[in-house]
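Participant: Dropping in input00.pdb, which is PDB, C-alpha atoms:
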ATOM      1  CA  MET A   1      72.481  98.250 101.454  1.00  0.00           C
ATOM      2  CA  GLU A   2      75.237  96.303 103.204  1.00  0.00           C
ATOM      3  CA  ARG A   3      75.212  96.620 106.995  1.00  0.00           C
ATOM      4  CA  ILE A   4      78.509  97.418 108.720  1.00  0.00           C
ATOM      5  CA  PRO A   5      79.126  95.672 112.051  1.00  0.00           C
ATOM      6  CA  MET A   6      80.859  97.700 114.740  1.00  0.00           C
ATOM      7  CA  SER A   7      81.204  97.896 118.481  1.00  0.00           C
ATOM      8  CA  LYS A   8      79.362 100.542 120.473  1.00  0.00           C
ATOM      9  CA  GLU A   9      82.725 102.153 121.271  1.00  0.00           C
ATOM     10  CA  SER A  10      83.663 102.419 117.588  1.00  0.00           C
ATOM     11  CA  TYR A  11      80.244 103.816 116.710  1.00  0.00           C
ATOM     12  CA  GLU A  12      80.583 106.495 119.398  1.00  0.00           C
ATOM     13  CA  LYS A  13      84.133 107.310 118.251  1.00  0.00           C
ATOM     14  CA  LEU A  14      82.977 107.805 114.640  1.00  0.00           C
ATOM     15  CA  ARG A  15      79.950 109.822 115.829  1.00  0.00           C
ATOM     16  CA  ALA A  16      82.256 112.144 117.834  1.00  0.00           C
ATOM     17  CA  GLN A  17      84.545 112.510 114.813  1.00  0.00           C
ATOM     18  CA  LEU A  18      81.557 113.462 112.638  1.00  0.00           C
ATOM     19  CA  ASP A  19      80.328 116.002 115.200  1.00  0.00           C
ATOM     20  CA  ARG A  20      83.803 117.577 115.380  1.00  0.00           C
ATOM     21  CA  MET A  21      83.971 117.844 111.583  1.00  0.00           C
ATOM     22  CA  LYS A  22      80.528 119.430 111.323  1.00  0.00           C
ATOM     23  CA  ASN A  23      80.671 121.715 114.358  1.00  0.00           C
ATOM     24  CA  GLU A  24      84.343 122.739 114.515  1.00  0.00           C
ATOM     25  CA  GLU A  25      86.178 122.114 111.256  1.00  0.00           C
ATOM     26  CA  MET A  26      83.433 123.142 108.798  1.00  0.00           C
ATOM     27  CA  PRO A  27      82.720 126.530 110.507  1.00  0.00           C
ATOM     28  CA  ARG A  28      86.475 127.222 110.669  1.00  0.00           C
ATOM     29  CA  ILE A  29      86.819 126.581 106.916  1.00  0.00           C
ATOM     30  CA  ALA A  30      83.721 128.710 106.190  1.00  0.00           C
ATOM     31  CA  GLU A  31      85.390 131.521 108.125  1.00  0.00           C
ATOM     32  CA  GLN A  32      88.586 131.095 106.080  1.00  0.00           C
ATOM     33  CA  ILE A  33      86.544 131.311 102.861  1.00  0.00           C
ATOM     34  CA  ALA A  34      84.808 134.493 104.036  1.00  0.00           C
ATOM     35  CA  GLN A  35      88.147 135.994 105.023  1.00  0.00           C
ATOM     36  CA  ALA A  36      89.710 135.054 101.662  1.00  0.00           C
ATOM     37  CA  ARG A  37      86.780 136.661  99.807  1.00  0.00           C
ATOM     38  CA  GLY A  38      87.747 139.903 101.482  1.00  0.00           C
ATOM     39  CA  TYR A  39      91.111 139.824  99.711  1.00  0.00           C
ATOM     40  CA  GLY A  40      89.436 140.803  96.438  1.00  0.00           C
ATOM     41  CA  ASP A  41      89.568 139.157  92.999  1.00  0.00           C
ATOM     42  CA  LEU A  42      88.595 135.501  93.507  1.00  0.00           C
ATOM     43  CA  SER A  43      90.017 134.382  90.146  1.00  0.00           C
ATOM     44  CA  GLU A  44      93.595 134.848  91.414  1.00  0.00           C
ATOM     45  CA  ASN A  45      93.044 134.267  95.112  1.00  0.00           C
ATOM     46  CA  ALA A  46      95.093 131.254  96.282  1.00  0.00           C
ATOM     47  CA  GLU A  47      93.757 131.442  99.848  1.00  0.00           C
ATOM     48  CA  TYR A  48      90.187 131.269  98.568  1.00  0.00           C
ATOM     49  CA  ASP A  49      90.966 128.319  96.277  1.00  0.00           C
ATOM     50  CA  ALA A  50      92.740 126.437  99.081  1.00  0.00           C
ATOM     51  CA  ALA A  51      89.899 127.012 101.534  1.00  0.00           C
ATOM     52  CA  ARG A  52      87.282 125.891  98.976  1.00  0.00           C
ATOM     53  CA  GLU A  53      89.309 122.751  98.239  1.00  0.00           C
ATOM     54  CA  ALA A  54      89.626 121.997 101.974  1.00  0.00           C
ATOM     55  CA  GLN A  55      85.867 122.517 102.337  1.00  0.00           C
ATOM     56  CA  GLY A  56      85.169 120.059  99.508  1.00  0.00           C
ATOM     57  CA  MET A  57      87.488 117.416 100.970  1.00  0.00           C
ATOM     58  CA  LEU A  58      85.975 117.813 104.427  1.00  0.00           C
ATOM     59  CA  GLN A  59      82.451 117.583 103.003  1.00  0.00           C
ATOM     60  CA  ALA A  60      83.405 114.326 101.250  1.00  0.00           C
ATOM     61  CA  ARG A  61      84.741 112.894 104.537  1.00  0.00           C
ATOM     62  CA  ILE A  62      81.542 113.962 106.310  1.00  0.00           C
ATOM     63  CA  VAL A  63      79.364 112.252 103.680  1.00  0.00           C
ATOM     64  CA  ASP A  64      81.486 109.068 103.918  1.00  0.00           C
ATOM     65  CA  LEU A  65      81.247 109.011 107.705  1.00  0.00           C
ATOM     66  CA  GLU A  66      77.487 109.654 107.653  1.00  0.00           C
ATOM     67  CA  ALA A  67      77.078 106.725 105.251  1.00  0.00           C
ATOM     68  CA  LYS A  68      79.120 104.401 107.506  1.00  0.00           C
ATOM     69  CA  LEU A  69      77.095 105.417 110.549  1.00  0.00           C
ATOM     70  CA  ALA A  70      73.807 104.994 108.667  1.00  0.00           C
ATOM     71  CA  MET A  71      74.777 101.439 107.674  1.00  0.00           C
ATOM     72  CA  ALA A  72      76.181 100.525 111.084  1.00  0.00           C
ATOM     73  CA  PHE A  73      74.729  97.962 113.383  1.00  0.00           C
ATOM     74  CA  ILE A  74      76.043  97.596 116.918  1.00  0.00           C
ATOM     75  CA  VAL A  75      77.353  94.162 117.826  1.00  0.00           C
ATOM     76  CA  ASP A  76      77.380  93.154 121.483  1.00  0.00           C
ATOM     77  CA  LYS A  77      80.641  91.218 121.787  1.00  0.00           C
ATOM     78  CA  SER A  78      79.195  89.095 124.600  1.00  0.00           C
ATOM     79  CA  THR A  79      76.799  87.496 122.085  1.00  0.00           C
ATOM     80  CA  ILE A  80      79.434  86.537 119.511  1.00  0.00           C
ATOM     81  CA  LYS A  81      79.499  82.832 118.746  1.00  0.00           C
ATOM     82  CA  THR A  82      82.804  81.175 117.954  1.00  0.00           C
ATOM     83  CA  ASP A  83      81.625  78.290 115.774  1.00  0.00           C
ATOM     84  CA  GLN A  84      82.610  80.277 112.663  1.00  0.00           C
ATOM     85  CA  VAL A  85      84.581  83.391 111.767  1.00  0.00           C
ATOM     86  CA  VAL A  86      82.450  86.526 112.210  1.00  0.00           C
ATOM     87  CA  TYR A  87      82.928  90.180 113.156  1.00  0.00           C
ATOM     88  CA  GLY A  88      84.630  90.445 116.539  1.00  0.00           C
ATOM     89  CA  THR A  89      86.360  87.077 116.448  1.00  0.00           C
ATOM     90  CA  ARG A  90      90.055  86.392 116.802  1.00  0.00           C
ATOM     91  CA  VAL A  91      91.029  83.745 114.284  1.00  0.00           C
ATOM     92  CA  LYS A  92      94.271  81.770 114.309  1.00  0.00           C
ATOM     93  CA  VAL A  93      95.225  80.427 110.910  1.00  0.00           C
ATOM     94  CA  PHE A  94      98.013  78.367 109.388  1.00  0.00           C
ATOM     95  CA  ASP A  95      99.376  79.796 106.133  1.00  0.00           C
ATOM     96  CA  LEU A  96      99.635  76.696 103.945  1.00  0.00           C
ATOM     97  CA  ASP A  97     102.170  78.282 101.589  1.00  0.00           C
ATOM     98  CA  ALA A  98     104.421  80.140 104.038  1.00  0.00           C
ATOM     99  CA  LYS A  99     104.102  77.294 106.596  1.00  0.00           C
ATOM    100  CA  ASP A 100     103.539  79.857 109.311  1.00  0.00           C
ATOM    101  CA  HIS A 101     100.864  80.667 111.906  1.00  0.00           C
ATOM    102  CA  GLU A 102      99.069  84.020 111.862  1.00  0.00           C
ATOM    103  CA  GLU A 103      96.317  85.586 113.907  1.00  0.00           C
ATOM    104  CA  PHE A 104      93.700  88.138 112.858  1.00  0.00           C
ATOM    105  CA  VAL A 105      90.934  90.012 114.645  1.00  0.00           C
ATOM    106  CA  LEU A 106      87.991  90.924 112.397  1.00  0.00           C
ATOM    107  CA  VAL A 107      86.802  94.467 113.103  1.00  0.00           C
ATOM    108  CA  GLY A 108      84.631  97.210 111.639  1.00  0.00           C
ATOM    109  CA  PRO A 109      85.506 100.724 110.387  1.00  0.00           C
ATOM    110  CA  GLY A 110      87.480 102.807 112.848  1.00  0.00           C
ATOM    111  CA  GLU A 111      88.737  99.742 114.717  1.00  0.00           C
ATOM    112  CA  GLU A 112      91.318  98.550 112.189  1.00  0.00           C
ATOM    113  CA  ASP A 113      94.964  98.485 113.283  1.00  0.00           C
ATOM    114  CA  TYR A 114      97.102  96.549 110.843  1.00  0.00           C
ATOM    115  CA  ASP A 115     100.115  96.603 113.185  1.00  0.00           C
ATOM    116  CA  GLN A 116      97.967  94.633 115.675  1.00  0.00           C
ATOM    117  CA  ASN A 117      96.461  92.405 112.908  1.00  0.00           C
ATOM    118  CA  LYS A 118      93.033  93.997 113.433  1.00  0.00           C
ATOM    119  CA  ILE A 119      91.634  93.799 109.913  1.00  0.00           C
ATOM    120  CA  LEU A 120      88.388  95.042 108.432  1.00  0.00           C
ATOM    121  CA  CYS A 121      85.659  92.467 107.851  1.00  0.00           C
ATOM    122  CA  ASN A 122      85.260  93.834 104.326  1.00  0.00           C
ATOM    123  CA  SER A 123      88.985  93.665 103.472  1.00  0.00           C
ATOM    124  CA  PRO A 124      89.992  90.871 101.062  1.00  0.00           C
ATOM    125  CA  ILE A 125      91.384  88.713 103.884  1.00  0.00           C
ATOM    126  CA  GLY A 126      88.438  89.501 106.152  1.00  0.00           C
ATOM    127  CA  GLN A 127      85.951  88.565 103.410  1.00  0.00           C
ATOM    128  CA  GLY A 128      87.845  85.356 102.718  1.00  0.00           C
ATOM    129  CA  LEU A 129      87.785  84.304 106.378  1.00  0.00           C
ATOM    130  CA  LEU A 130      84.161  85.214 107.165  1.00  0.00           C
ATOM    131  CA  GLY A 131      81.936  82.189 107.649  1.00  0.00           C
ATOM    132  CA  LYS A 132      84.790  79.664 107.821  1.00  0.00           C
ATOM    133  CA  LYS A 133      84.940  77.051 110.581  1.00  0.00           C
ATOM    134  CA  VAL A 134      87.841  75.377 112.352  1.00  0.00           C
ATOM    135  CA  GLY A 135      89.574  72.954 109.979  1.00  0.00           C
ATOM    136  CA  GLU A 136      88.318  74.646 106.805  1.00  0.00           C
ATOM    137  CA  THR A 137      90.639  76.261 104.263  1.00  0.00           C
ATOM    138  CA  ALA A 138      90.168  79.788 102.986  1.00  0.00           C
ATOM    139  CA  GLU A 139      91.582  80.595  99.551  1.00  0.00           C
ATOM    140  CA  ILE A 140      91.814  84.357  99.218  1.00  0.00           C
ATOM    141  CA  ALA A 141      92.698  86.290  96.077  1.00  0.00           C
ATOM    142  CA  VAL A 142      94.967  89.215  96.878  1.00  0.00           C
ATOM    143  CA  PRO A 143      96.897  91.551  94.544  1.00  0.00           C
ATOM    144  CA  ARG A 144     100.086  89.472  94.816  1.00  0.00           C
ATOM    145  CA  GLY A 145      98.356  86.136  94.157  1.00  0.00           C
ATOM    146  CA  LYS A 146      96.414  83.784  96.381  1.00  0.00           C
ATOM    147  CA  LEU A 147      96.613  83.162 100.119  1.00  0.00           C
ATOM    148  CA  ARG A 148      95.637  79.787 101.562  1.00  0.00           C
ATOM    149  CA  PHE A 149      94.818  79.683 105.252  1.00  0.00           C
ATOM    150  CA  ARG A 150      93.617  76.722 107.309  1.00  0.00           C
ATOM    151  CA  ILE A 151      91.459  77.866 110.227  1.00  0.00           C
ATOM    152  CA  GLU A 152      93.063  76.582 113.450  1.00  0.00           C
ATOM    153  CA  GLU A 153      91.129  78.364 116.212  1.00  0.00           C
ATOM    154  CA  ILE A 154      88.307  80.876 116.607  1.00  0.00           C
ATOM    155  CA  GLY A 155      87.720  82.949 119.751  1.00  0.00           C
ATOM    156  CA  VAL A 156      86.209  86.212 120.887  1.00  0.00           C
ATOM    157  CA  ALA A 157      88.595  89.148 120.533  1.00  0.00           C
TER     158      ALA A 157
END
Take the structure I supplied and represent it as structure tokens, if you would.

Facilitator:
Amino acid sequence: MERIPMSKESYEKLRAQLDRMKNEEMPRIAEQIAQARGYGDLSENAEYDAAREAQGMLQARIVDLEAKLAMAFIVDKSTIKTDQVVYGTRVKVFDLDAKDHEEFVLVGPGEEDYDQNKILCNSPIGQGLLGKKVGETAEIAVPRGKLRFRIEEIGVA
């Protein structure tokens, strides 16, 4: 089982989201199902079908979140080393093809923000950068081809 690095804050945020789903959203949907049953014939009851579908989708999200939390390990950002790219580092790269500088922060689930270049460690770019050191080149296969980044600088995010 692959461990998922995350900050304590992200873990707590996901935990709160899971609690809300289980203790607020699921009972509300169960109530909708019970109410829809009262409308009679279930074979032609759109409200019942919609509530059951919502329940199934919510249950799938709950299972996914429980799995992420079960695989999580909390990373203390004060202990992050910057000799190579790891979770929690800010990495400045030079795109060898576009001749442009970019910067990424490697984060765990719930912390990603692509507008801020906070990318998941297990994304294609994140995977390609992990373990690299300053001066090394990362060649990363992406759907539109291959990216080539030279690692310029590594720091704590």

Participant: Could you list, as a list in words, every residue matched by the PyMOL selection byres ((chain A and resi 100-102) around 10) in this structure?

Facilitator: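 Taken over the shown coordinates, the PyMOL selection byres ((chain A and resi 100-102) around 10) returns Val91, Lys92, Val93, Phe94, Asp95, Leu96, Asp97, Ala98, Lys99, Glu103, Phe104, Asn117, Phe149, Arg150, Ile151 and Glu152 of chain A.
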
Participant: Out of A:Val75, A:Val105, A:Leu120, A:Leu129, which residue has the shortest atom-to-atom distance to Lys8 in chain A when counting all atoms listed in the file?

Facilitator: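 Answer, going by the shortest atom-to-atom distance: A:Val75.
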
Participant: Fewer than 6 positions away in the same chain doesn't count, so skip those; otherwise give me all residues within 10 Å of range 51-66 of chain A, counting all atoms listed in the file, as a JSON list (two decimals) with C-alpha atoms, in the frame of the given file.

Facilitator:
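Output (selection-v4.json):
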[["chain", "number", "residue", "atom", "x", "y", "z"],
["A", 14, "LEU", "CA", 82.98, 107.80, 114.64],
["A", 15, "ARG", "CA", 79.95, 109.82, 115.83],
["A", 17, "GLN", "CA", 84.54, 112.51, 114.81],
["A", 18, "LEU", "CA", 81.56, 113.46, 112.64],
["A", 19, "ASP", "CA", 80.33, 116.00, 115.20],
["A", 21, "MET", "CA", 83.97, 117.84, 111.58],
["A", 22, "LYS", "CA", 80.53, 119.43, 111.32],
["A", 25, "GLU", "CA", 86.18, 122.11, 111.26],
["A", 26, "MET", "CA", 83.43, 123.14, 108.80],
["A", 27, "PRO", "CA", 82.72, 126.53, 110.51],
["A", 28, "ARG", "CA", 86.48, 127.22, 110.67],
["A", 29, "ILE", "CA", 86.82, 126.58, 106.92],
["A", 30, "ALA", "CA", 83.72, 128.71, 106.19],
["A", 31, "GLU", "CA", 85.39, 131.52, 108.12],
["A", 32, "GLN", "CA", 88.59, 131.10, 106.08],
["A", 33, "ILE", "CA", 86.54, 131.31, 102.86],
["A", 34, "ALA", "CA", 84.81, 134.49, 104.04],
["A", 35, "GLN", "CA", 88.15, 135.99, 105.02],
["A", 36, "ALA", "CA", 89.71, 135.05, 101.66],
["A", 72, "ALA", "CA", 76.18, 100.52, 111.08],
["A", 109, "PRO", "CA", 85.51, 100.72, 110.39]]

Participant: Work out how far CA of Val142 in chain A is from CA of Val85 in chain A, in Å to one decimal.

Facilitator: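 These two atoms are separated by 19.1 Å.
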
Participant: Within 12 Å of (77.2, 97.0, 108.1) (coordinates as in the file), grab all the protein and nucleic acid residues, counting only C-alpha atoms, and write them out as JSON, numbers by chain.

Facilitator: {"A": [1, 2, 3, 4, 5, 6, 7, 11, 67, 68, 69, 70, 71, 72, 73, 74, 75, 87, 107, 108, 109, 120, 121, 122]}
